[in-house]
Every structure is written in C-alpha cells, then in structure tokens.
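What follows is input.txt (compact mmCIF, C-alpha atoms and all ligand atoms).
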```
# COMPACT_ATOMS: atom_id res chain seq x y z
CA MET K 1 -44.89 -49.40 -141.53
CA GLU K 2 -46.01 -46.04 -140.42
CA MET K 3 -43.82 -42.96 -140.53
CA LEU K 4 -43.59 -42.68 -136.79
CA GLU K 5 -42.48 -46.30 -136.55
CA LEU K 6 -39.86 -45.74 -139.20
CA LYS K 7 -38.40 -42.74 -137.41
CA LYS K 8 -38.43 -44.64 -134.12
CA GLU K 9 -36.55 -47.45 -135.79
CA ILE K 10 -33.90 -45.11 -137.22
CA TYR K 11 -33.47 -42.71 -134.34
CA GLU K 12 -34.39 -44.75 -131.28
CA ASN K 13 -34.66 -48.52 -131.30
CA LYS K 14 -32.31 -50.01 -133.84
CA GLY K 15 -30.56 -46.95 -135.22
CA TYR K 16 -31.19 -48.11 -138.76
CA SER K 17 -33.90 -49.27 -141.14
CA LEU K 18 -33.83 -51.86 -143.92
CA ARG K 19 -37.21 -50.92 -145.18
CA TYR K 20 -36.32 -49.01 -148.33
CA LYS K 21 -35.72 -50.83 -151.62
CA LEU K 22 -34.91 -49.59 -155.08
CA CYS K 23 -37.23 -50.81 -157.78
CA PRO K 24 -35.55 -52.90 -160.50
CA ASN K 25 -35.24 -50.12 -163.07
CA GLU K 26 -33.71 -47.78 -160.47
CA LEU K 27 -31.13 -50.41 -159.62
CA VAL K 28 -30.27 -50.74 -163.31
CA LYS K 29 -29.96 -46.96 -163.63
CA LEU K 30 -27.75 -46.49 -160.55
CA ARG K 31 -25.54 -49.36 -161.62
CA SER K 32 -25.08 -47.80 -165.03
CA LEU K 33 -24.26 -44.33 -163.62
CA VAL K 34 -21.57 -45.87 -161.42
CA GLU K 35 -20.24 -48.20 -164.08
CA GLU K 36 -19.93 -45.31 -166.51
CA GLN K 37 -17.72 -43.36 -164.10
CA PHE K 38 -15.77 -46.52 -163.30
CA LEU K 39 -15.01 -47.15 -166.97
CA GLN K 40 -14.17 -43.51 -167.65
CA ASN K 41 -11.57 -43.66 -164.92
CA ILE K 42 -10.13 -46.95 -166.17
CA SER K 43 -9.85 -45.49 -169.63
CA LYS K 44 -8.20 -42.33 -168.29
CA HIS K 45 -5.44 -44.30 -166.54
CA TYR K 46 -5.29 -47.52 -168.59
CA PRO K 47 -6.90 -47.00 -172.01
CA ASN K 48 -5.53 -50.33 -173.19
CA TYR K 49 -7.45 -52.19 -170.51
CA LEU K 50 -10.80 -50.51 -171.08
CA GLU K 51 -12.26 -53.37 -173.12
CA LEU K 52 -11.05 -55.96 -170.62
CA PHE K 53 -12.69 -54.23 -167.63
CA LYS K 54 -15.77 -53.39 -169.62
CA SER K 55 -16.44 -56.93 -170.74
CA ALA K 56 -15.76 -58.32 -167.24
CA GLY K 57 -18.25 -55.93 -165.58
CA ILE K 58 -17.56 -53.82 -162.50
CA GLU K 59 -18.49 -56.69 -160.16
CA ASN K 60 -15.56 -58.64 -161.58
CA TYR K 61 -13.08 -55.80 -161.19
CA HIS K 62 -11.05 -57.89 -158.72
CA LEU K 63 -10.21 -60.43 -161.41
CA HIS K 64 -8.09 -57.86 -163.21
CA SER K 65 -7.29 -55.28 -160.53
CA HIS K 66 -3.70 -56.55 -160.25
CA LEU K 67 -3.16 -54.82 -163.61
CA VAL K 68 -3.86 -51.36 -162.15
CA ASP K 69 -2.52 -49.26 -159.28
CA HIS K 70 -5.71 -49.68 -157.24
CA SER K 71 -5.06 -47.21 -154.43
CA LYS K 72 -3.75 -44.58 -156.80
CA ILE K 73 -6.60 -44.61 -159.31
CA TRP K 74 -9.52 -44.67 -156.84
CA PRO K 75 -9.18 -41.66 -154.53
CA LYS K 76 -12.52 -40.42 -153.23
CA LEU K 77 -12.92 -37.76 -155.93
CA SER K 78 -12.78 -40.40 -158.67
CA ARG K 79 -15.78 -42.06 -156.99
CA CYS K 80 -17.98 -38.99 -156.50
CA LEU K 81 -20.71 -39.02 -159.12
CA ALA K 82 -20.68 -35.97 -161.39
CA GLN K 83 -23.33 -33.34 -160.71
CA ASN K 84 -25.27 -34.43 -163.84
CA ALA K 85 -25.58 -37.93 -162.44
CA CYS K 86 -26.62 -36.54 -159.03
CA ASN K 87 -29.31 -34.52 -160.77
CA GLU K 88 -30.63 -37.66 -162.44
CA ILE K 89 -30.71 -39.45 -159.10
CA LYS K 90 -32.62 -36.59 -157.50
CA GLU K 91 -35.36 -37.17 -160.08
CA MET K 92 -35.73 -40.86 -159.26
CA ASN K 93 -38.66 -42.29 -157.34
CA PHE K 94 -36.70 -43.57 -154.39
CA PHE K 95 -35.24 -40.10 -153.88
CA LYS K 96 -38.69 -38.58 -154.01
CA THR K 97 -39.79 -41.01 -151.32
CA LEU K 98 -36.81 -39.96 -149.20
CA THR K 99 -37.74 -36.33 -149.75
CA ASN K 100 -41.28 -37.06 -148.75
CA ASP K 101 -40.26 -38.95 -145.61
CA PHE K 102 -37.28 -36.95 -144.38
CA SER K 103 -37.53 -33.37 -145.56
CA PRO K 104 -36.52 -30.74 -144.85
CA PHE K 105 -32.94 -31.74 -145.65
CA GLN K 106 -30.03 -30.68 -147.78
CA LEU K 107 -27.57 -33.00 -149.45
CA GLY K 108 -24.02 -33.28 -148.17
CA ARG K 109 -21.41 -31.31 -150.15
CA VAL K 110 -18.43 -33.12 -151.67
CA VAL K 111 -15.70 -32.99 -149.03
CA TYR K 112 -12.25 -33.88 -150.22
CA GLU K 113 -9.32 -33.83 -147.81
CA ARG K 114 -9.65 -30.40 -146.18
CA GLU K 115 -11.78 -28.88 -148.95
CA VAL K 116 -15.54 -28.48 -149.32
CA VAL K 117 -16.75 -28.29 -152.92
CA TRP K 118 -19.82 -26.14 -152.34
CA GLU K 119 -21.43 -26.50 -155.76
CA TRP K 120 -21.26 -30.31 -155.85
CA ASP K 121 -23.75 -32.76 -154.26
CA GLU K 122 -21.96 -35.65 -152.60
CA MET K 123 -23.03 -39.10 -153.84
CA TYR K 124 -20.11 -41.49 -153.89
CA TRP K 125 -19.55 -45.17 -154.34
CA ARG K 126 -17.20 -47.69 -152.84
CA ILE K 127 -15.40 -50.57 -154.44
CA VAL K 128 -14.59 -53.49 -152.13
CA ARG K 129 -12.81 -56.51 -153.55
CA PRO K 130 -13.08 -60.00 -152.06
CA HIS K 131 -10.71 -60.76 -149.15
CA GLN K 132 -9.06 -57.33 -149.06
CA GLN K 133 -8.97 -55.86 -145.55
CA GLY K 134 -7.52 -52.66 -147.00
CA ASP K 135 -10.66 -52.04 -149.07
CA VAL K 136 -12.79 -51.36 -146.00
CA GLY K 137 -12.43 -48.75 -143.28
CA THR K 138 -12.46 -48.96 -139.49
CA LEU K 139 -15.42 -48.92 -137.07
CA HIS K 140 -16.92 -45.45 -136.81
CA ALA K 141 -20.06 -43.37 -136.50
CA ASP K 142 -20.45 -40.90 -139.35
CA LYS K 143 -20.87 -38.18 -136.73
CA TRP K 144 -17.25 -38.63 -135.67
CA PHE K 145 -16.17 -37.81 -139.22
CA HIS K 146 -18.50 -34.83 -139.45
CA ASP K 147 -17.04 -33.45 -136.23
CA CYS K 148 -13.36 -34.16 -136.68
CA MET K 149 -13.23 -33.10 -140.32
CA LYS K 150 -15.10 -29.95 -139.32
CA ILE K 151 -17.88 -30.82 -141.77
CA ARG K 152 -20.52 -30.07 -139.17
CA GLU K 153 -19.25 -26.60 -138.42
CA ARG K 154 -18.68 -25.71 -142.07
CA VAL K 155 -21.61 -27.38 -143.84
CA PHE K 156 -24.42 -28.20 -141.40
CA PRO K 157 -27.07 -25.65 -140.48
CA LYS K 158 -27.15 -25.14 -136.72
CA GLY K 159 -28.77 -28.07 -134.93
CA ALA K 160 -28.93 -30.29 -138.02
CA ASN K 161 -28.21 -34.01 -137.97
CA ALA K 162 -27.18 -36.40 -140.71
CA LEU K 163 -28.95 -39.45 -142.00
CA LYS K 164 -26.98 -41.88 -144.14
CA ILE K 165 -28.42 -43.74 -147.09
CA TRP K 166 -26.26 -46.75 -147.98
CA ILE K 167 -27.27 -48.46 -151.22
CA PRO K 168 -25.75 -51.79 -152.25
CA LEU K 169 -25.55 -52.04 -156.05
CA TYR K 170 -23.51 -55.23 -156.34
CA CYS K 171 -23.30 -57.38 -153.22
CA GLU K 172 -23.79 -60.89 -151.91
CA ALA K 173 -26.16 -61.07 -148.94
CA GLY K 174 -24.48 -62.56 -145.88
CA LYS K 175 -21.02 -62.41 -147.42
CA ASN K 176 -20.34 -58.70 -147.74
CA GLY K 177 -21.92 -55.34 -147.04
CA LEU K 178 -22.38 -53.27 -143.91
CA GLU K 179 -21.72 -54.34 -140.33
CA VAL K 180 -23.41 -52.46 -137.49
CA VAL K 181 -22.88 -52.47 -133.74
CA GLU K 182 -26.35 -52.98 -132.30
CA GLY K 183 -27.34 -50.31 -129.79
CA SER K 184 -24.14 -48.33 -130.37
CA HIS K 185 -26.00 -45.08 -131.03
CA HIS K 186 -27.06 -45.00 -127.37
CA LYS K 187 -23.51 -45.25 -126.01
CA ASN K 188 -20.50 -43.00 -125.61
CA TRP K 189 -17.44 -44.08 -127.53
CA ASP K 190 -13.87 -43.16 -126.86
CA PHE K 191 -11.96 -42.27 -130.00
CA ARG K 192 -8.98 -40.17 -130.99
CA ILE K 193 -8.46 -38.03 -134.03
CA GLU K 194 -5.60 -38.90 -136.38
CA ASP K 195 -4.09 -36.66 -139.00
CA ILE K 196 -3.89 -39.01 -142.02
CA GLU K 197 -3.96 -38.62 -145.81
CA ASN K 198 -4.20 -34.85 -145.57
CA THR K 199 -7.37 -35.04 -143.52
CA TYR K 200 -8.51 -35.99 -140.01
CA LYS K 201 -9.90 -39.42 -139.23
CA PRO K 202 -11.46 -40.76 -136.02
CA ARG K 203 -10.02 -43.98 -134.61
CA LEU K 204 -11.53 -45.99 -131.77
CA ASN K 205 -9.41 -46.20 -128.66
CA CYS K 206 -10.31 -49.81 -127.97
CA GLU K 207 -9.46 -53.01 -129.79
CA GLU K 208 -11.83 -53.17 -132.77
CA SER K 209 -11.83 -56.93 -133.00
CA GLN K 210 -13.44 -57.12 -129.54
CA ILE K 211 -16.50 -55.19 -130.60
CA GLU K 212 -19.36 -57.39 -131.63
CA ARG K 213 -21.06 -56.46 -134.88
CA THR K 214 -23.83 -57.77 -137.06
CA LEU K 215 -23.51 -58.11 -140.80
CA LEU K 216 -26.74 -56.79 -142.27
CA SER K 217 -28.05 -59.11 -144.94
CA THR K 218 -28.78 -56.99 -148.00
CA GLU K 219 -29.56 -57.87 -151.58
CA PRO K 220 -28.72 -55.36 -154.32
CA GLY K 221 -31.02 -52.35 -154.02
CA GLU K 222 -31.92 -53.00 -150.36
CA MET K 223 -30.87 -49.76 -148.70
CA VAL K 224 -29.70 -49.22 -145.15
CA ILE K 225 -30.77 -45.90 -143.67
CA PHE K 226 -29.03 -45.09 -140.41
CA ASN K 227 -28.50 -42.24 -138.00
CA GLU K 228 -25.15 -40.52 -137.62
CA ASP K 229 -24.47 -42.02 -134.18
CA LEU K 230 -24.69 -45.66 -135.24
CA VAL K 231 -21.27 -47.35 -135.17
CA HIS K 232 -20.64 -49.36 -138.32
CA VAL K 233 -17.99 -50.54 -140.77
CA GLY K 234 -17.75 -52.12 -144.20
CA ALA K 235 -17.39 -55.89 -143.83
CA VAL K 236 -14.34 -57.55 -145.29
CA ASN K 237 -15.75 -59.06 -148.45
CA GLU K 238 -16.10 -62.81 -148.01
CA GLY K 239 -17.97 -63.23 -151.28
CA SER K 240 -16.59 -63.95 -154.72
CA THR K 241 -17.48 -60.68 -156.46
CA THR K 242 -16.55 -57.04 -155.93
CA ARG K 243 -19.03 -55.17 -153.71
CA ILE K 244 -20.17 -51.79 -155.03
CA SER K 245 -22.35 -49.48 -152.94
CA LEU K 246 -23.46 -45.88 -153.15
CA GLU K 247 -23.68 -43.42 -150.25
CA ILE K 248 -25.82 -40.33 -149.86
CA THR K 249 -25.99 -38.10 -146.78
CA LEU K 250 -29.14 -36.19 -145.93
CA ILE K 251 -28.47 -33.27 -143.60
CA ARG K 252 -31.75 -32.88 -141.75
CA THR K 253 -32.71 -29.63 -140.23
CA LEU K 254 -35.69 -31.00 -138.29
CA CYS K 255 -36.07 -34.42 -136.73
O1 LIG M 1 -19.56 -49.36 -147.37
C1 LIG M 1 -18.62 -49.28 -146.57
O2 LIG M 1 -17.63 -50.01 -146.65
C2 LIG M 1 -18.66 -48.30 -145.44
C3 LIG M 1 -19.90 -47.49 -145.49
C4 LIG M 1 -19.96 -46.37 -144.50
O3 LIG M 1 -19.14 -46.18 -143.64
C5 LIG M 1 -21.10 -45.47 -144.61
O4 LIG M 1 -21.97 -45.67 -145.47
O5 LIG M 1 -21.17 -44.51 -143.82
FE FE M 2 -19.82 -44.51 -142.37
```
Go through the file and emit its structure as structure tokens.
Amino acid sequence: MEMLELKKEIYENKGYSLRYKLCPNELVKLRSLVEEQFLQNISKHYPNYLELFKSAGIENYHLHSHLVDHSKIWPKLSRCLAQNACNEIKEMNFFKTLTNDFSPFQLGRVVYEREVVWEWDEMYWRIVRPHQQGDVGTLHADKWFHDCMKIRERVFPKGANALKIWIPLYCEAGKNGLEVVEGSHHKNWDFRIEDIENTYKPRLNCEESQIERTLLSTEPGEMVIFNEDLVHVGAVNEGSTTRISLEITLIRTLC
C-alpha cells in the first residue's frame, strides 16, 4: 500500500490501519522487555512467588494472580518501560519504519496522575486477564484524555496531533484485543470529565453498551495504528490467556 493510501486509511476512511507487523525477532524482543519488568515487579512485591510466575510465563499470570494484590501492584508507573528499554525499542526496525512514515514526531512523555515526567519516553503495557471487566477501561478517544488531563496543552507542540501505536504481544485473535467504533472519528461525542484516581478521566454521557463496536482480529505482533479521534476500548478478554499489549504515542507536528 502506498503512503498516501495508508494516511487516508488512518486519518480519513477507517481511522486505523492494521498494516504494520513486527517481525518475529522483534516480537521476541518486546516480549522479553515487558516480561523482565513484569518479573522485577513481582519480585519486588512477592519475592517468594517469583519462580512461580516466571515458570508460568506472563501470559499465564491469571492462573496465579489471586496470590497478589493485582490493583495495588500494577499502577501505570509499574508498567512504563524504563528509558533503557525505550532506547532499545527506538533502535528496532519497526520503529525506524514508523519514523520513516510518520515523522516529524516526538514521543509522548510519561504522564502519571497530574505529573509529566519530562525526561522519560512513554511506552507502557497493559495486562488484561480473562473474564475480568475491571482489567479494561471504558470507551474513549485518546484525544479526550489528552485534553482533559491537560496533556495537549502541556506536552504537545501547537497544532500537533497524536497517533497511537497499539502492539499486541500476547493475545488470541477474535477473543481479546482492541474494539473500535467504526466511523467514530468523524462524529461528535458527548462526554463528561470525572475527577478519579488523582487524575481526570473522560466518560461518555450515553450508555456504553448501546454503542456498536468491532473487535479487531489481531495476532501477536499485528499492530493497530489509529488516530486520536477514533473511539475504542479494550475488549473484555474472552480468551484463556492473559492479554499483554504495548502502547506508544507519536505526537505528530505535521499531518
Ligand atoms: O489495550 C487496551 O485495553 C486499551 C488500549 C487503548 O485505549 C489505547 O491503546 O489507546
Ligand atoms: Fe486509548
């Protein structure tokens, strides 16, 4: 597909593209960067369980997660890859392709509650266990977050827009992953801003369950690249393994 077609797909027609894939060795590398941080955090809070979680593998986290205080040990900061890992990712081929296709851009900064950590690139992963509604968020466009958390006014150059790179590392196509609302980036949505967990979060003013969405079928390494106006949500995991995905935001200064 040509560049123009790709940009049309992402910014005009569909609002997203499924065209980018990691190559096998990149998938292995990203998995190991995430798993390393996962295990470090397990060993920080539950050193006695390190071997158990390690031998099960991160995709089987749910089998033993009753042993840990899940919501306490996985705040966002514990899932933001360290700057060293971000630097390794920036050297990978898929990132170079992104740079080639979408520059000029800058990477999002780590935003935690009301703070911006200026010296830290934001690349963070999610951990979504089977059949746990609480492990996924609510329908949103990333733009709503950028606006209500004042990320746009603090971090974005004037006139910039964000492009999201969502990378499934462990997933089961058709059973978990990302749901999108087709055509949603062309509509106006009515949402309110709630003051929760020491930050601000956008919440739709209509009944979420009435909004039709499509679960994108993605195999591990098959990225979803979408514009900041596309309404989406993590699907409740109907598979049998824990879904792990990585997110990177490109703040584009030219379209
Ligand atoms: O992976 C998820 O559950 C949600 C992802 C999301 O909202 C995003 O990538 O912007
Ligand atoms: Fe999002």
With 5 Å added on each side, what axis-aligned box encloses every listed atom of ligand LIG 1 (chain M)? Give the centre and edge lengths in Å to one decimal, as lines of an AutoDock Vina configuration file.
```
center_x = -19.8
center_y = -47.3
center_z = -145.5
size_x = 14.3
size_y = 15.5
size_z = 13.7
```
Set out as a Markdown table a contact list for chain K and ligand FE 2 (chain M) with a cut-off of 7 Å, giving each residue of chain K that qualifies its closest atom pair and distance in Å to one decimal, counting all atoms listed in the file, ordered by chain and rising residue number.
```
| residue | atom | partner | partner_atom | distance |
| --- | --- | --- | --- | --- |
| K:His140 | CA | M:FE2 | FE | 6.3 |
| K:Ala141 | CA | M:FE2 | FE | 6.0 |
| K:Asp142 | CA | M:FE2 | FE | 4.7 |
| K:His232 | CA | M:FE2 | FE | 6.4 |
| K:Val233 | CA | M:FE2 | FE | 6.5 |
```
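At a cut-off of 9 Å from (-16.5, -64.8, -153.4), the residue set is Pro130, His131, Glu172, Lys175, Asn237, Glu238, Gly239, Ser240, Thr241 and Thr242 of chain K (counting all atoms listed in the file).
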With the cut-off set at 8 Å and counting only C-alpha atoms and all ligand atoms, tabulate each residue of chain K with an atom at most that distance from an atom of ligand LIG 1 (chain M), showing the nearest atom pair and its distance in Å to one decimal, ordered by chain and increasing number, as CSV.
```
residue,atom,partner,partner_atom,distance
K:Arg126,CA,M:LIG1,O1,6.2
K:Val128,CA,M:LIG1,O2,7.2
K:Asp135,CA,M:LIG1,O2,7.7
K:Val136,CA,M:LIG1,O2,5.1
K:Gly137,CA,M:LIG1,O2,6.3
K:His140,CA,M:LIG1,O3,7.2
K:Ala141,CA,M:LIG1,O5,7.5
K:Asp142,CA,M:LIG1,O5,5.8
K:Lys164,CA,M:LIG1,O5,6.4
K:Ile165,CA,M:LIG1,O4,6.9
K:Trp166,CA,M:LIG1,O4,5.1
K:Gly177,CA,M:LIG1,O1,6.4
K:Leu178,CA,M:LIG1,O1,5.9
K:His232,CA,M:LIG1,O3,6.4
K:Val233,CA,M:LIG1,C2,5.2
K:Gly234,CA,M:LIG1,O2,3.2
K:Ala235,CA,M:LIG1,O2,6.5
K:Ser245,CA,M:LIG1,O1,6.2
K:Leu246,CA,M:LIG1,O1,7.8
K:Glu247,CA,M:LIG1,O4,5.6
K:Ile248,CA,M:LIG1,O4,7.9
```
Checklist entry - Quick one: distance from atom CA of Gln37 of chain K to atom CA of Ile89 of chain K in Å, one decimal? => result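 Separating atom CA of Gln37 of chain K from atom CA of Ile89 of chain K is a distance of 14.5 Å.
Counting from atom CA of Ile127 of chain K, the distance to atom CA of Thr199 of chain K is 20.6 Å.
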Would you tabulate, counting all atoms listed in the file, all residues of segment 1-73 of chain K that have an atom at most 12 Å from an atom of segment 249-255 of chain K, showing the closest pair of atoms and their distance in Å to one decimal, sorted by chain then ascending number, as JSON lines?
```
{"residue": "K:Leu4", "atom": "CA", "partner": "K:Cys255", "partner_atom": "CA", "distance": 11.2}
{"residue": "K:Lys7", "atom": "CA", "partner": "K:Cys255", "partner_atom": "CA", "distance": 8.7}
{"residue": "K:Lys8", "atom": "CA", "partner": "K:Cys255", "partner_atom": "CA", "distance": 10.8}
{"residue": "K:Ile10", "atom": "CA", "partner": "K:Cys255", "partner_atom": "CA", "distance": 10.9}
{"residue": "K:Tyr11", "atom": "CA", "partner": "K:Cys255", "partner_atom": "CA", "distance": 9.0}
{"residue": "K:Glu12", "atom": "CA", "partner": "K:Cys255", "partner_atom": "CA", "distance": 11.8}
```
Next on the checklist: Can you measure atom CA of His64 of chain K to atom CA of Gln132 of chain K for me? One decimal in Å is fine.
Outcome noted: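 Computing it gives 14.2 Å between the two atoms.
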Checklist entry - Using all atoms listed in the file, which residues sit within 9 Å of segment 73-85 of chain K once same-chain residues fewer than 3 positions away are excluded, as a PyMOL selection string? => result chain K and resi 33-34+37-38+41-42+45+68-70+88-90+110-112+119-127
Checklist entry - Which is closer to Glu212 of chain K than all the others in K:Asn198, K:Asn25, K:Ser184, K:Gln40, using only C-alpha atoms? => result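 Among K:Asn198, K:Asn25, K:Ser184, K:Gln40, it is K:Ser184 that comes nearest to Glu212 of chain K.
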For the contact check between segment 66-105 of chain K and segment 143-162 of chain K, emit one row per residue of segment 66-105 of chain K within 12 Å, containing the shortest atom pair and the distance in Å rounded to one decimal, counting all atoms listed in the file, chain then rising number order, as CSV.
```
residue,atom,partner,partner_atom,distance
K:Phe102,CA,K:Ala162,CA,10.8
K:Ser103,CA,K:Ala162,CA,11.8
K:Pro104,CA,K:Ala160,CA,10.2
K:Phe105,CA,K:Ala160,CA,8.7
```
Item to check | Nearest to Asn87 of chain K by atom-to-atom distance, counting all atoms listed in the file, from K:Leu67, K:Arg243, K:Arg114, K:Leu107 | outcome: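 Comparing K:Leu67, K:Arg243, K:Arg114, K:Leu107 against Asn87 of chain K, the winner is K:Leu107.
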Checklist entry - Of the residues K:Leu139, K:Leu230, K:Gly57, K:His185, which is the one nearest to Leu204 of chain K, using all atoms listed in the file? => result K:Leu139
Checklist entry - Which is closer to Pro24 of chain K than all the others in K:Tyr46, K:Tyr200, K:Phe94, K:Phe226, using all atoms listed in the file? => result K:Phe94
Please return segment 177-196 of chain K, rebuilt to N, CA and C atoms, as a PDB file, in the frame of the given file.
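And here is the file that came out, part.pdb:
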```pdb
ATOM      1  N   GLY K 177     -20.958 -56.410-147.307  1.00  0.00           N
ATOM      2  CA  GLY K 177     -21.920 -55.340-147.040  1.00  0.00           C
ATOM      3  C   GLY K 177     -21.549 -54.544-145.808  1.00  0.00           C
ATOM      4  N   LEU K 178     -22.571 -54.182-145.038  1.00  0.00           N
ATOM      5  CA  LEU K 178     -22.380 -53.270-143.910  1.00  0.00           C
ATOM      6  C   LEU K 178     -22.552 -54.011-142.584  1.00  0.00           C
ATOM      7  N   GLU K 179     -21.600 -53.794-141.685  1.00  0.00           N
ATOM      8  CA  GLU K 179     -21.720 -54.340-140.330  1.00  0.00           C
ATOM      9  C   GLU K 179     -22.090 -53.202-139.382  1.00  0.00           C
ATOM     10  N   VAL K 180     -23.024 -53.477-138.473  1.00  0.00           N
ATOM     11  CA  VAL K 180     -23.410 -52.460-137.490  1.00  0.00           C
ATOM     12  C   VAL K 180     -23.205 -53.005-136.081  1.00  0.00           C
ATOM     13  N   VAL K 181     -22.978 -52.087-135.150  1.00  0.00           N
ATOM     14  CA  VAL K 181     -22.880 -52.470-133.740  1.00  0.00           C
ATOM     15  C   VAL K 181     -24.238 -52.133-133.129  1.00  0.00           C
ATOM     16  N   GLU K 182     -24.987 -53.182-132.795  1.00  0.00           N
ATOM     17  CA  GLU K 182     -26.350 -52.980-132.300  1.00  0.00           C
ATOM     18  C   GLU K 182     -26.338 -52.138-131.031  1.00  0.00           C
ATOM     19  N   GLY K 183     -27.207 -51.150-130.984  1.00  0.00           N
ATOM     20  CA  GLY K 183     -27.340 -50.310-129.790  1.00  0.00           C
ATOM     21  C   GLY K 183     -26.253 -49.262-129.613  1.00  0.00           C
ATOM     22  N   SER K 184     -25.315 -49.216-130.535  1.00  0.00           N
ATOM     23  CA  SER K 184     -24.140 -48.330-130.370  1.00  0.00           C
ATOM     24  C   SER K 184     -24.489 -46.855-130.357  1.00  0.00           C
ATOM     25  N   HIS K 185     -25.625 -46.511-130.964  1.00  0.00           N
ATOM     26  CA  HIS K 185     -26.000 -45.080-131.030  1.00  0.00           C
ATOM     27  C   HIS K 185     -26.475 -44.556-129.678  1.00  0.00           C
ATOM     28  N   HIS K 186     -26.648 -45.454-128.697  1.00  0.00           N
ATOM     29  CA  HIS K 186     -27.060 -45.000-127.370  1.00  0.00           C
ATOM     30  C   HIS K 186     -25.870 -44.882-126.419  1.00  0.00           C
ATOM     31  N   LYS K 187     -24.668 -45.214-126.915  1.00  0.00           N
ATOM     32  CA  LYS K 187     -23.510 -45.250-126.010  1.00  0.00           C
ATOM     33  C   LYS K 187     -22.523 -44.142-126.318  1.00  0.00           C
ATOM     34  N   ASN K 188     -21.618 -43.914-125.364  1.00  0.00           N
ATOM     35  CA  ASN K 188     -20.500 -43.000-125.610  1.00  0.00           C
ATOM     36  C   ASN K 188     -19.296 -43.810-126.024  1.00  0.00           C
ATOM     37  N   TRP K 189     -18.600 -43.355-127.015  1.00  0.00           N
ATOM     38  CA  TRP K 189     -17.440 -44.080-127.530  1.00  0.00           C
ATOM     39  C   TRP K 189     -16.205 -43.217-127.404  1.00  0.00           C
ATOM     40  N   ASP K 190     -15.116 -43.888-127.067  1.00  0.00           N
ATOM     41  CA  ASP K 190     -13.870 -43.160-126.860  1.00  0.00           C
ATOM     42  C   ASP K 190     -13.004 -43.301-128.113  1.00  0.00           C
ATOM     43  N   PHE K 191     -12.810 -42.207-128.791  1.00  0.00           N
ATOM     44  CA  PHE K 191     -11.960 -42.270-130.000  1.00  0.00           C
ATOM     45  C   PHE K 191     -10.999 -41.100-130.024  1.00  0.00           C
ATOM     46  N   ARG K 192      -9.950 -41.254-130.812  1.00  0.00           N
ATOM     47  CA  ARG K 192      -8.980 -40.170-130.990  1.00  0.00           C
ATOM     48  C   ARG K 192      -9.061 -39.694-132.430  1.00  0.00           C
ATOM     49  N   ILE K 193      -8.434 -38.573-132.679  1.00  0.00           N
ATOM     50  CA  ILE K 193      -8.460 -38.030-134.030  1.00  0.00           C
ATOM     51  C   ILE K 193      -7.054 -38.127-134.605  1.00  0.00           C
ATOM     52  N   GLU K 194      -6.921 -38.773-135.757  1.00  0.00           N
ATOM     53  CA  GLU K 194      -5.600 -38.900-136.380  1.00  0.00           C
ATOM     54  C   GLU K 194      -5.523 -38.059-137.638  1.00  0.00           C
ATOM     55  N   ASP K 195      -4.340 -37.509-137.841  1.00  0.00           N
ATOM     56  CA  ASP K 195      -4.090 -36.660-139.000  1.00  0.00           C
ATOM     57  C   ASP K 195      -3.501 -37.583-140.082  1.00  0.00           C
ATOM     58  N   ILE K 196      -4.378 -38.109-140.970  1.00  0.00           N
ATOM     59  CA  ILE K 196      -3.890 -39.010-142.020  1.00  0.00           C
ATOM     60  C   ILE K 196      -4.409 -38.608-143.396  1.00  0.00           C
TER      61      ILE K 196
END
```
